[in-house]
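Colleague: Take a look at this one; I'll ask things after.
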Amino acid sequence: MQQEKKYIPFEQIKITDRQWPDKTITKAPVWCSVDLRDGNQALVTPMGIPEKIRFFHTLVDCGFKEIEVGFPSASETEYEILRTLIEGGHIPDDVTVQVLVQAREELIRKTFEAVRGARNVIIHFYNSTSTLQRKIVFGKDMDGITDIAVQGARLIRQLTEEEVARSGMNIRYEYSPESFSGTEIDFSVAICEAVMQEMGSSKENPIILNLPSTVEMCTPNTYADQIEYFCRHIKNREAAIVSVHPHNDRGTGVACAELALLAGADRIEGTLFGNGERTGNMDIVTMAMNLFSHGIDPELDFSDMSAIRAGYETYTGMKVHERQPYAGDLVFTAFSGSHQDAISKGMTWRDTHKTDKWTVPYLPIDPKDIGRTYDGDVIRINSQSGKGGISYILKQNFGVVLPEAMREDVGYAIKQVSDEMHQ
């Protein structure tokens, strides 16, 4: 692989006295699910309306208050799913539906037609701002790209005022400089300030400024530097909710989201189990459960993880990998003898000491907190298992308590059976 001259190192952000490394996450962000947007799902067979309706209700049951339901100006299916949700009374009063639209007049007008009758709506508009997109796709300079965003913002504000006067709909704004991760940071700040001014954003009526790593191009610490720089340089910061939308091209989408919170972000967009185009979006399940494992309420309910996973696999046709954090079949399972012994002793220690703290080696959370069991989910037997694990299985599953003197002989006998069965 000859790559030295083909690929260009990512340019670092010139930031002094960065503050995010000294911070800790103490509360959950505002979550927004983008599971229902076909562009993010990138499914071989896109979901139909029945699957999307069921998926929407699953997301509501998990506790999401902001759900992006699609790109209604992009296709008839996307339009119809939104109309079905609205006309069928599927949207709870405390849930806001978000709709995506490019900053183009005909698409914006179609989007406002699609949302009529909804109670709470976020109009999420975007245009691409990156160096490569400006040069290769649009052939425009920074002023030309800024004009696209400002013209779109102006029309959205006008149509909002007309709709609010007509129906009283609660409409909020979200703007994304798409390909933020590949955009000069000072230009990202400048174009967002221009949009904020056009929208009349204020502390009482803040705009959501969404900063996507549309393609993940750098290490998580550099993304955090981008977010902190943006938050420190944007004028009228209190008039903006800073949101991030990390992708997973480098395999670090969750890390980017966590460090972005440290750097000043308020809101996270992502999907269940990280589904999405290319390598996927940031996995909300993993990030939320990471918070949970540190004693922070994620404000989402994944207590019946198996049911959520089964629904997701049914709706999307995708599969959750056996090693997917928290949700995979084998993520709590120990086959190794030393691991089994430590887990068994950890369980016994908790029972003996009557502690309410989770103190079991090799298990980052209590499997029961997400609807898993100790029987079968935690310790399983194969030829690599030890006497401690085998004794644990006999006790837990069959009520057989082996005397200490018998454990080694019984362990060897069972491992021999396992070896022979797998030859």
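By order of appearance in the structure tokens: chains A, B, ..., then residues from 1 within every chain, and ligands from 1 in the order shown.
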Would you kindly return, as a PyMOL selection string, each protein, DNA or RNA residue with an atom no farther than 7 Å from any atom of Pro325 of chain A, considering only C-alpha atoms and excluding same-chain residues fewer than 3 positions away?

Modeller: chain A and resi 286+328+331

Colleague: Please give the complete set of residues from segment 66-259 of chain A that DSSP, run on the backbone, assigns to helix (DSSP H, G or I), formatted as a compact mmCIF listing (two decimals) with N, CA, C and O atoms, in the first residue's frame.

Modeller:
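Listing of states_6.txt after writing:
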```
# COMPACT_ATOMS: atom_id res chain seq x y z
N GLU A 76 -41.94 10.56 -2.61
CA GLU A 76 -43.34 10.43 -2.20
C GLU A 76 -43.45 9.60 -0.92
O GLU A 76 -44.30 9.89 -0.05
N THR A 77 -42.59 8.58 -0.78
CA THR A 77 -42.63 7.75 0.43
C THR A 77 -42.29 8.59 1.66
O THR A 77 -42.96 8.49 2.69
N GLU A 78 -41.26 9.40 1.54
CA GLU A 78 -40.87 10.25 2.66
C GLU A 78 -41.98 11.25 3.02
O GLU A 78 -42.22 11.55 4.18
N TYR A 79 -42.64 11.76 2.00
CA TYR A 79 -43.76 12.69 2.21
C TYR A 79 -44.91 11.97 2.90
O TYR A 79 -45.49 12.47 3.87
N GLU A 80 -45.24 10.78 2.42
CA GLU A 80 -46.40 10.06 2.94
C GLU A 80 -46.20 9.58 4.38
O GLU A 80 -47.16 9.51 5.14
N ILE A 81 -44.97 9.21 4.75
CA ILE A 81 -44.77 8.77 6.13
C ILE A 81 -45.07 9.90 7.10
O ILE A 81 -45.70 9.72 8.14
N LEU A 82 -44.66 11.12 6.73
CA LEU A 82 -44.93 12.26 7.60
C LEU A 82 -46.42 12.54 7.67
O LEU A 82 -46.98 12.76 8.75
N ARG A 83 -47.10 12.51 6.52
CA ARG A 83 -48.54 12.75 6.52
C ARG A 83 -49.27 11.67 7.32
O ARG A 83 -50.24 11.97 8.04
N THR A 84 -48.82 10.43 7.23
CA THR A 84 -49.46 9.35 7.98
C THR A 84 -49.28 9.56 9.48
O THR A 84 -50.22 9.36 10.27
N LEU A 85 -48.08 9.95 9.90
CA LEU A 85 -47.84 10.21 11.32
C LEU A 85 -48.73 11.33 11.84
O LEU A 85 -49.30 11.24 12.94
N ILE A 86 -48.87 12.38 11.05
CA ILE A 86 -49.65 13.54 11.48
C ILE A 86 -51.15 13.21 11.46
O ILE A 86 -51.85 13.39 12.46
N GLU A 87 -51.63 12.73 10.33
CA GLU A 87 -53.06 12.51 10.18
C GLU A 87 -53.55 11.34 11.01
O GLU A 87 -54.73 11.29 11.40
N GLU A 105 -35.44 26.56 -2.71
CA GLU A 105 -36.78 27.11 -2.56
C GLU A 105 -37.88 26.09 -2.77
O GLU A 105 -38.79 25.94 -1.94
N GLU A 106 -37.84 25.35 -3.89
CA GLU A 106 -38.94 24.43 -4.20
C GLU A 106 -39.04 23.31 -3.15
O GLU A 106 -40.14 22.85 -2.81
N LEU A 107 -37.89 22.89 -2.62
CA LEU A 107 -37.89 21.83 -1.61
C LEU A 107 -38.39 22.35 -0.27
O LEU A 107 -39.09 21.65 0.47
N ILE A 108 -38.04 23.58 0.05
CA ILE A 108 -38.50 24.18 1.30
C ILE A 108 -40.02 24.34 1.29
O ILE A 108 -40.71 24.02 2.27
N ARG A 109 -40.56 24.81 0.18
CA ARG A 109 -42.02 24.99 0.10
C ARG A 109 -42.74 23.64 0.21
O ARG A 109 -43.78 23.53 0.87
N LYS A 110 -42.20 22.62 -0.44
CA LYS A 110 -42.79 21.28 -0.34
C LYS A 110 -42.75 20.77 1.10
O LYS A 110 -43.70 20.12 1.57
N THR A 111 -41.68 21.08 1.81
CA THR A 111 -41.54 20.63 3.19
C THR A 111 -42.59 21.27 4.09
O THR A 111 -43.18 20.61 4.96
N PHE A 112 -42.86 22.55 3.88
CA PHE A 112 -43.88 23.22 4.69
C PHE A 112 -45.27 22.66 4.40
O PHE A 112 -46.12 22.60 5.29
N GLU A 113 -45.50 22.24 3.17
CA GLU A 113 -46.76 21.55 2.88
C GLU A 113 -46.85 20.24 3.67
O GLU A 113 -47.90 19.89 4.20
N ALA A 114 -45.74 19.54 3.76
CA ALA A 114 -45.73 18.22 4.41
C ALA A 114 -45.99 18.29 5.90
O ALA A 114 -46.55 17.36 6.47
N THR A 131 -14.54 22.55 1.70
CA THR A 131 -13.63 23.00 0.66
C THR A 131 -13.82 22.18 -0.61
O THR A 131 -13.94 22.73 -1.72
N LEU A 132 -13.86 20.86 -0.49
CA LEU A 132 -14.00 20.00 -1.66
C LEU A 132 -15.35 20.18 -2.34
O LEU A 132 -15.44 20.21 -3.57
N GLN A 133 -16.42 20.27 -1.57
CA GLN A 133 -17.75 20.43 -2.16
C GLN A 133 -17.85 21.76 -2.90
O GLN A 133 -18.41 21.83 -4.00
N ARG A 134 -17.30 22.82 -2.31
CA ARG A 134 -17.35 24.13 -2.98
C ARG A 134 -16.61 24.08 -4.32
O ARG A 134 -17.07 24.60 -5.33
N LYS A 135 -15.46 23.42 -4.30
CA LYS A 135 -14.61 23.38 -5.48
C LYS A 135 -15.13 22.42 -6.55
O LYS A 135 -15.20 22.77 -7.73
N ILE A 136 -15.51 21.21 -6.13
CA ILE A 136 -15.80 20.14 -7.08
C ILE A 136 -17.27 20.07 -7.46
O ILE A 136 -17.62 19.85 -8.62
N VAL A 137 -18.16 20.25 -6.48
CA VAL A 137 -19.59 20.04 -6.73
C VAL A 137 -20.30 21.32 -7.15
O VAL A 137 -21.07 21.34 -8.12
N PHE A 138 -20.06 22.41 -6.41
CA PHE A 138 -20.84 23.63 -6.63
C PHE A 138 -20.12 24.70 -7.43
O PHE A 138 -20.76 25.57 -8.02
N MET A 142 -16.82 31.11 -1.01
CA MET A 142 -17.49 31.15 0.30
C MET A 142 -18.71 32.06 0.29
O MET A 142 -19.73 31.74 0.89
N ASP A 143 -18.61 33.20 -0.40
CA ASP A 143 -19.75 34.12 -0.45
C ASP A 143 -20.95 33.46 -1.15
O ASP A 143 -22.10 33.64 -0.72
N GLY A 144 -20.68 32.70 -2.21
CA GLY A 144 -21.75 32.03 -2.92
C GLY A 144 -22.44 30.98 -2.07
O GLY A 144 -23.67 30.85 -2.09
N ILE A 145 -21.66 30.23 -1.30
CA ILE A 145 -22.22 29.20 -0.42
C ILE A 145 -23.00 29.85 0.72
O ILE A 145 -24.09 29.38 1.10
N THR A 146 -22.47 30.95 1.25
CA THR A 146 -23.18 31.67 2.32
C THR A 146 -24.51 32.20 1.81
O THR A 146 -25.53 32.16 2.52
N ASP A 147 -24.55 32.68 0.59
CA ASP A 147 -25.79 33.21 0.03
C ASP A 147 -26.86 32.13 -0.07
O ASP A 147 -28.04 32.39 0.19
N ILE A 148 -26.46 30.90 -0.43
CA ILE A 148 -27.43 29.79 -0.48
C ILE A 148 -28.07 29.58 0.89
O ILE A 148 -29.29 29.44 1.02
N ALA A 149 -27.23 29.58 1.94
CA ALA A 149 -27.75 29.36 3.30
C ALA A 149 -28.66 30.50 3.74
O ALA A 149 -29.73 30.27 4.32
N VAL A 150 -28.25 31.73 3.47
CA VAL A 150 -29.03 32.89 3.91
C VAL A 150 -30.36 32.98 3.17
O VAL A 150 -31.40 33.26 3.78
N GLN A 151 -30.34 32.72 1.86
CA GLN A 151 -31.59 32.75 1.10
C GLN A 151 -32.55 31.67 1.61
O GLN A 151 -33.77 31.90 1.74
N GLY A 152 -32.03 30.49 1.90
CA GLY A 152 -32.87 29.43 2.44
C GLY A 152 -33.44 29.82 3.80
O GLY A 152 -34.62 29.60 4.08
N ALA A 153 -32.61 30.39 4.66
CA ALA A 153 -33.06 30.82 5.98
C ALA A 153 -34.16 31.88 5.88
O ALA A 153 -35.16 31.85 6.61
N ARG A 154 -33.99 32.79 4.95
CA ARG A 154 -34.97 33.88 4.78
C ARG A 154 -36.33 33.32 4.39
O ARG A 154 -37.38 33.72 4.93
N LEU A 155 -36.34 32.38 3.45
CA LEU A 155 -37.62 31.80 3.02
C LEU A 155 -38.25 30.98 4.14
O LEU A 155 -39.47 31.05 4.36
N ILE A 156 -37.44 30.21 4.87
CA ILE A 156 -37.97 29.40 5.96
C ILE A 156 -38.59 30.28 7.04
O ILE A 156 -39.67 30.00 7.57
N ARG A 157 -37.93 31.39 7.35
CA ARG A 157 -38.48 32.31 8.36
C ARG A 157 -39.80 32.90 7.87
O ARG A 157 -40.77 33.00 8.63
N GLN A 158 -39.87 33.27 6.60
CA GLN A 158 -41.10 33.83 6.05
C GLN A 158 -42.24 32.82 6.11
O GLN A 158 -43.36 33.14 6.58
N LEU A 159 -41.97 31.59 5.66
CA LEU A 159 -43.01 30.56 5.66
C LEU A 159 -43.41 30.18 7.08
O LEU A 159 -44.57 29.83 7.33
N THR A 160 -42.45 30.23 8.00
CA THR A 160 -42.77 29.95 9.41
C THR A 160 -43.74 30.98 9.95
O THR A 160 -44.74 30.63 10.61
N GLU A 161 -43.47 32.24 9.70
CA GLU A 161 -44.35 33.30 10.21
C GLU A 161 -45.75 33.15 9.64
O GLU A 161 -46.75 33.33 10.35
N GLU A 162 -45.85 32.76 8.37
CA GLU A 162 -47.16 32.55 7.76
C GLU A 162 -47.87 31.36 8.39
O GLU A 162 -49.09 31.42 8.68
N GLU A 163 -47.13 30.27 8.63
CA GLU A 163 -47.74 29.06 9.20
C GLU A 163 -48.16 29.29 10.65
O GLU A 163 -49.24 28.83 11.07
N VAL A 164 -47.33 29.95 11.42
CA VAL A 164 -47.66 30.22 12.83
C VAL A 164 -48.90 31.10 12.92
O VAL A 164 -49.79 30.87 13.76
N ALA A 165 -48.99 32.10 12.05
CA ALA A 165 -50.19 32.95 12.03
C ALA A 165 -51.43 32.16 11.66
O ALA A 165 -52.53 32.43 12.15
N ARG A 166 -51.26 31.17 10.79
CA ARG A 166 -52.40 30.37 10.32
C ARG A 166 -52.83 29.33 11.33
O ARG A 166 -54.03 29.15 11.59
N SER A 167 -51.85 28.61 11.94
CA SER A 167 -52.20 27.44 12.75
C SER A 167 -51.67 27.47 14.18
O SER A 167 -52.09 26.65 15.00
N PHE A 180 -19.24 19.78 7.77
CA PHE A 180 -18.55 20.66 8.73
C PHE A 180 -17.13 20.18 8.99
O PHE A 180 -16.20 20.98 9.08
N SER A 181 -16.98 18.86 9.08
CA SER A 181 -15.66 18.32 9.42
C SER A 181 -14.62 18.62 8.35
O SER A 181 -13.41 18.62 8.64
N GLY A 182 -15.06 18.91 7.13
CA GLY A 182 -14.13 19.24 6.07
C GLY A 182 -14.16 20.70 5.66
O GLY A 182 -13.66 21.06 4.60
N ILE A 185 -12.69 26.06 9.69
CA ILE A 185 -13.45 26.31 10.92
C ILE A 185 -13.97 27.74 11.01
O ILE A 185 -15.10 27.98 11.44
N ASP A 186 -13.18 28.70 10.56
CA ASP A 186 -13.65 30.09 10.63
C ASP A 186 -14.79 30.34 9.66
O ASP A 186 -15.67 31.16 9.92
N PHE A 187 -14.80 29.63 8.54
CA PHE A 187 -15.93 29.75 7.62
C PHE A 187 -17.19 29.13 8.22
O PHE A 187 -18.29 29.66 8.06
N SER A 188 -17.04 28.01 8.92
CA SER A 188 -18.19 27.41 9.60
C SER A 188 -18.81 28.40 10.58
O SER A 188 -20.04 28.54 10.65
N VAL A 189 -17.97 29.07 11.34
CA VAL A 189 -18.45 30.07 12.30
C VAL A 189 -19.17 31.19 11.55
O VAL A 189 -20.29 31.60 11.92
N ALA A 190 -18.57 31.68 10.49
CA ALA A 190 -19.12 32.83 9.77
C ALA A 190 -20.46 32.52 9.12
O ALA A 190 -21.41 33.33 9.20
N ILE A 191 -20.58 31.35 8.48
CA ILE A 191 -21.84 31.05 7.81
C ILE A 191 -22.96 30.80 8.82
O ILE A 191 -24.11 31.20 8.60
N CYS A 192 -22.63 30.20 9.95
CA CYS A 192 -23.64 29.98 11.00
C CYS A 192 -24.08 31.32 11.61
O CYS A 192 -25.27 31.50 11.92
N GLU A 193 -23.15 32.25 11.77
CA GLU A 193 -23.53 33.58 12.26
C GLU A 193 -24.46 34.28 11.29
O GLU A 193 -25.42 34.96 11.70
N ALA A 194 -24.20 34.13 9.99
CA ALA A 194 -25.07 34.75 8.99
C ALA A 194 -26.47 34.17 9.05
O ALA A 194 -27.48 34.90 8.95
N VAL A 195 -26.58 32.85 9.23
CA VAL A 195 -27.89 32.20 9.34
C VAL A 195 -28.59 32.64 10.62
O VAL A 195 -29.80 32.93 10.62
N MET A 196 -27.87 32.69 11.72
CA MET A 196 -28.46 33.13 12.99
C MET A 196 -29.05 34.54 12.87
O MET A 196 -30.15 34.82 13.36
N GLN A 197 -28.31 35.41 12.23
CA GLN A 197 -28.79 36.78 12.07
C GLN A 197 -30.05 36.82 11.22
O GLN A 197 -31.01 37.53 11.54
N GLU A 198 -30.06 36.05 10.14
CA GLU A 198 -31.22 36.03 9.27
C GLU A 198 -32.45 35.47 9.99
O GLU A 198 -33.58 35.93 9.76
N MET A 199 -32.23 34.50 10.87
CA MET A 199 -33.32 33.86 11.58
C MET A 199 -33.78 34.65 12.81
O MET A 199 -34.79 34.31 13.42
N PRO A 220 -10.86 11.78 17.37
CA PRO A 220 -11.88 12.41 18.20
C PRO A 220 -11.41 13.68 18.92
O PRO A 220 -12.18 14.62 19.10
N ASN A 221 -10.14 13.72 19.31
CA ASN A 221 -9.65 14.92 19.99
C ASN A 221 -9.65 16.13 19.06
O ASN A 221 -9.91 17.27 19.49
N THR A 222 -9.37 15.91 17.78
CA THR A 222 -9.40 17.01 16.82
C THR A 222 -10.83 17.48 16.57
O THR A 222 -11.08 18.69 16.45
N TYR A 223 -11.76 16.54 16.50
CA TYR A 223 -13.18 16.93 16.38
C TYR A 223 -13.60 17.75 17.59
O TYR A 223 -14.30 18.77 17.46
N ALA A 224 -13.15 17.34 18.77
CA ALA A 224 -13.46 18.11 19.98
C ALA A 224 -12.88 19.52 19.89
O ALA A 224 -13.51 20.50 20.30
N ASP A 225 -11.67 19.63 19.35
CA ASP A 225 -11.07 20.95 19.16
C ASP A 225 -11.94 21.80 18.22
O ASP A 225 -12.13 23.00 18.46
N GLN A 226 -12.45 21.19 17.15
CA GLN A 226 -13.32 21.92 16.23
C GLN A 226 -14.56 22.45 16.96
O GLN A 226 -14.96 23.60 16.77
N ILE A 227 -15.16 21.57 17.78
CA ILE A 227 -16.39 21.98 18.48
C ILE A 227 -16.08 23.07 19.51
O ILE A 227 -16.83 24.06 19.61
N GLU A 228 -15.01 22.91 20.27
CA GLU A 228 -14.69 23.94 21.26
C GLU A 228 -14.36 25.27 20.59
O GLU A 228 -14.81 26.33 21.05
N TYR A 229 -13.60 25.22 19.49
CA TYR A 229 -13.27 26.45 18.77
C TYR A 229 -14.56 27.13 18.31
O TYR A 229 -14.74 28.35 18.45
N PHE A 230 -15.46 26.35 17.74
CA PHE A 230 -16.73 26.89 17.26
C PHE A 230 -17.50 27.54 18.40
O PHE A 230 -17.99 28.68 18.28
N CYS A 231 -17.63 26.83 19.51
CA CYS A 231 -18.42 27.35 20.64
C CYS A 231 -17.80 28.62 21.23
O CYS A 231 -18.52 29.51 21.70
N ARG A 232 -16.49 28.71 21.21
CA ARG A 232 -15.82 29.86 21.79
C ARG A 232 -15.82 31.08 20.87
O ARG A 232 -15.66 32.21 21.33
N HIS A 233 -16.00 30.86 19.56
CA HIS A 233 -15.91 31.96 18.61
C HIS A 233 -17.24 32.41 18.02
O HIS A 233 -17.33 33.51 17.48
N ARG A 237 -23.52 33.12 21.55
CA ARG A 237 -23.55 31.67 21.80
C ARG A 237 -24.83 31.23 22.51
O ARG A 237 -25.34 30.13 22.25
N GLU A 238 -25.37 32.08 23.38
CA GLU A 238 -26.57 31.69 24.13
C GLU A 238 -27.79 31.58 23.23
O GLU A 238 -28.83 31.05 23.64
N ALA A 239 -27.69 32.05 21.99
CA ALA A 239 -28.81 31.98 21.06
C ALA A 239 -28.73 30.73 20.18
O ALA A 239 -29.47 30.63 19.19
N GLY A 253 -17.11 7.10 16.09
CA GLY A 253 -18.25 7.99 16.17
C GLY A 253 -18.70 8.27 17.59
O GLY A 253 -19.01 9.42 17.95
N VAL A 254 -18.76 7.24 18.43
CA VAL A 254 -19.19 7.44 19.83
C VAL A 254 -18.17 8.29 20.57
O VAL A 254 -18.53 9.21 21.31
N ALA A 255 -16.89 8.02 20.38
CA ALA A 255 -15.86 8.82 21.04
C ALA A 255 -15.95 10.28 20.61
O ALA A 255 -15.81 11.19 21.44
N CYS A 256 -16.20 10.53 19.32
CA CYS A 256 -16.35 11.91 18.85
C CYS A 256 -17.52 12.60 19.55
O CYS A 256 -17.42 13.76 19.95
N ALA A 257 -18.62 11.89 19.70
CA ALA A 257 -19.80 12.48 20.35
C ALA A 257 -19.52 12.77 21.82
O ALA A 257 -19.90 13.83 22.35
N GLU A 258 -18.87 11.85 22.50
CA GLU A 258 -18.57 12.06 23.92
C GLU A 258 -17.62 13.24 24.12
O GLU A 258 -17.83 14.09 25.00
N LEU A 259 -16.58 13.32 23.30
CA LEU A 259 -15.64 14.44 23.44
C LEU A 259 -16.29 15.75 23.00
O LEU A 259 -15.96 16.82 23.53
```

Colleague: Kindly indicate which residue among A:Glu11, A:Asp377, A:Glu299, A:Glu313 lies nearest to Leu330 of chain A, using only C-alpha atoms for the distances.

Modeller: A:Asp377

Colleague: For segment 362-372 of chain A, list every protein, DNA or RNA residue within 6 Å, evaluated using only C-alpha atoms, and leave out those in the same chain fewer than 3 positions away; present the list as a list in words.

Modeller: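 Within the cut-off, the hits are Ser293, Ser303, Asp304 and Met305 of chain A.
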
Colleague: Residues at most 6 Å from Pro246 of chain A, counting only C-alpha atoms, excluding those fewer than 3 positions away in the same chain, as a PyMOL selection string?

Modeller: chain A and resi 212-213+253+282

Colleague: One decimal, in Å: what's the spacing between atom CA of Val401 of chain A and atom CA of Thr355 of chain A?

Modeller: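 Between these atoms lies a distance of 23.8 Å.
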
Colleague: Quick one: pull the distance between atom CA of Ser128 of chain A and atom CA of Lys140 of chain A, Å, one decimal.

Modeller: 11.0 Å

Colleague: Could you pull out the strand (DSSP E or B) residues of segment 40-201 of chain A from DSSP and send them as a tab-separated table (two decimals) with N, CA, C and O atoms, in the first residue's frame?

Modeller:
```tsv
chain	number	residue	atom	x	y	z
A	66	GLU	N	-37.15	14.18	20.30
A	66	GLU	CA	-36.92	14.77	18.98
A	66	GLU	C	-36.57	13.62	18.02
A	66	GLU	O	-35.63	12.87	18.25
A	67	ILE	N	-37.35	13.49	16.96
A	67	ILE	CA	-37.18	12.38	16.02
A	67	ILE	C	-37.24	12.94	14.60
A	67	ILE	O	-38.26	13.53	14.19
A	68	GLU	N	-36.15	12.75	13.87
A	68	GLU	CA	-36.16	13.17	12.47
A	68	GLU	C	-36.86	12.08	11.66
A	68	GLU	O	-36.40	10.94	11.60
A	69	VAL	N	-37.99	12.46	11.04
A	69	VAL	CA	-38.83	11.45	10.40
A	69	VAL	C	-38.60	11.35	8.90
A	69	VAL	O	-39.22	10.53	8.23
A	70	GLY	N	-37.71	12.17	8.36
A	70	GLY	CA	-37.40	12.00	6.96
A	70	GLY	C	-37.15	13.30	6.22
A	70	GLY	O	-36.96	14.37	6.81
A	96	THR	N	-41.29	16.20	19.28
A	96	THR	CA	-41.09	17.09	18.13
A	96	THR	C	-40.59	16.28	16.95
A	96	THR	O	-39.61	15.54	17.07
A	97	VAL	N	-41.26	16.41	15.81
A	97	VAL	CA	-40.78	15.75	14.60
A	97	VAL	C	-39.86	16.72	13.85
A	97	VAL	O	-40.13	17.91	13.76
A	98	GLN	N	-38.79	16.17	13.35
A	98	GLN	CA	-37.80	16.97	12.62
A	98	GLN	C	-37.82	16.53	11.16
A	98	GLN	O	-37.88	15.34	10.86
A	99	VAL	N	-37.76	17.50	10.26
A	99	VAL	CA	-37.74	17.19	8.82
A	99	VAL	C	-36.53	17.85	8.19
A	99	VAL	O	-36.16	18.97	8.51
A	100	LEU	N	-35.91	17.13	7.28
A	100	LEU	CA	-34.68	17.57	6.64
A	100	LEU	C	-34.99	18.14	5.26
A	100	LEU	O	-35.83	17.61	4.53
A	101	VAL	N	-34.28	19.22	4.90
A	101	VAL	CA	-34.47	19.80	3.59
A	101	VAL	C	-33.22	20.57	3.17
A	101	VAL	O	-32.57	21.20	3.99
A	102	GLN	N	-32.88	20.46	1.90
A	102	GLN	CA	-31.82	21.29	1.37
A	102	GLN	C	-32.28	22.73	1.29
A	102	GLN	O	-33.47	23.02	1.19
A	120	ASN	N	-45.52	20.21	16.86
A	120	ASN	CA	-44.15	20.66	17.14
A	120	ASN	C	-43.23	20.17	16.04
A	120	ASN	O	-43.14	18.96	15.80
A	121	VAL	N	-42.53	21.08	15.39
A	121	VAL	CA	-41.71	20.73	14.23
A	121	VAL	C	-40.36	21.44	14.29
A	121	VAL	O	-40.29	22.61	14.69
A	122	ILE	N	-39.31	20.73	13.90
A	122	ILE	CA	-38.01	21.34	13.64
A	122	ILE	C	-37.77	21.28	12.14
A	122	ILE	O	-37.78	20.19	11.55
A	123	ILE	N	-37.59	22.43	11.52
A	123	ILE	CA	-37.20	22.49	10.11
A	123	ILE	C	-35.68	22.48	10.06
A	123	ILE	O	-35.03	23.44	10.46
A	124	HIS	N	-35.13	21.37	9.59
A	124	HIS	CA	-33.67	21.19	9.56
A	124	HIS	C	-33.20	21.40	8.13
A	124	HIS	O	-33.40	20.55	7.26
A	125	PHE	N	-32.58	22.55	7.87
A	125	PHE	CA	-32.12	22.83	6.52
A	125	PHE	C	-30.59	22.86	6.49
A	125	PHE	O	-29.93	23.09	7.51
A	126	TYR	N	-30.05	22.62	5.32
A	126	TYR	CA	-28.60	22.48	5.21
A	126	TYR	C	-28.12	22.83	3.81
A	126	TYR	O	-28.89	22.84	2.85
A	127	ASN	N	-26.87	23.15	3.72
A	127	ASN	CA	-26.15	23.16	2.44
A	127	ASN	C	-24.70	22.82	2.73
A	127	ASN	O	-24.20	23.03	3.83
A	128	SER	N	-24.06	22.24	1.74
A	128	SER	CA	-22.69	21.77	1.95
A	128	SER	C	-21.71	22.93	1.88
A	128	SER	O	-21.82	23.81	1.04
A	170	ASN	N	-45.81	25.19	16.53
A	170	ASN	CA	-44.53	25.49	17.17
A	170	ASN	C	-43.41	25.02	16.24
A	170	ASN	O	-43.18	23.82	16.10
A	171	ILE	N	-42.74	25.97	15.60
A	171	ILE	CA	-41.69	25.66	14.64
A	171	ILE	C	-40.34	26.16	15.16
A	171	ILE	O	-40.21	27.32	15.55
A	172	ARG	N	-39.39	25.27	15.15
A	172	ARG	CA	-38.01	25.63	15.50
A	172	ARG	C	-37.12	25.40	14.28
A	172	ARG	O	-37.50	24.69	13.35
A	173	TYR	N	-35.93	25.99	14.34
A	173	TYR	CA	-35.01	25.92	13.21
A	173	TYR	C	-33.76	25.14	13.57
A	173	TYR	O	-33.26	25.21	14.69
A	174	GLU	N	-33.26	24.40	12.58
A	174	GLU	CA	-31.96	23.77	12.70
A	174	GLU	C	-31.20	23.99	11.39
A	174	GLU	O	-31.75	23.77	10.31
A	175	TYR	N	-29.96	24.42	11.51
A	175	TYR	CA	-29.12	24.60	10.32
A	175	TYR	C	-27.86	23.77	10.45
A	175	TYR	O	-27.21	23.75	11.50
A	176	SER	N	-27.53	23.05	9.36
A	176	SER	CA	-26.29	22.27	9.31
A	176	SER	C	-25.40	22.78	8.18
A	176	SER	O	-25.83	22.77	7.02
A	177	PRO	N	-24.18	23.23	8.50
A	177	PRO	CA	-23.19	23.38	7.45
A	177	PRO	C	-22.67	21.99	7.12
A	177	PRO	O	-21.73	21.48	7.74
A	178	GLU	N	-23.34	21.34	6.15
A	178	GLU	CA	-23.00	19.95	5.86
A	178	GLU	C	-21.52	19.83	5.52
A	178	GLU	O	-20.94	20.73	4.93
```

Colleague: Show me, as a list of chain:residue names, the residues that have an atom within 12 Å of Glu51 of chain A when counting only C-alpha atoms, minus same-chain residues fewer than 2 positions from it.

Modeller: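 Using only C-alpha atoms, the neighbours found are A:Asp35, A:Leu36, A:Thr45, A:Pro46, A:Met47, A:Gly48, A:Ile49, A:Ile53, A:Arg54, A:Phe55, A:Phe56, A:His57, A:Thr58, A:Ile81, A:Gly311, A:Tyr312, A:Glu313, A:Thr314, A:Tyr315, A:Thr316, A:Gly317.
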
Colleague: Excluding His294 of chain A and its own-chain neighbours fewer than 6 positions away, which residues fall within 12 Å of it when counting only C-alpha atoms? Please give them as a list in words.

Modeller: Thr24, Ile25, Thr26, Lys27, Ala28, Met287, Ala288, Lys357, Trp358, Pro364 and Ile365 of chain A
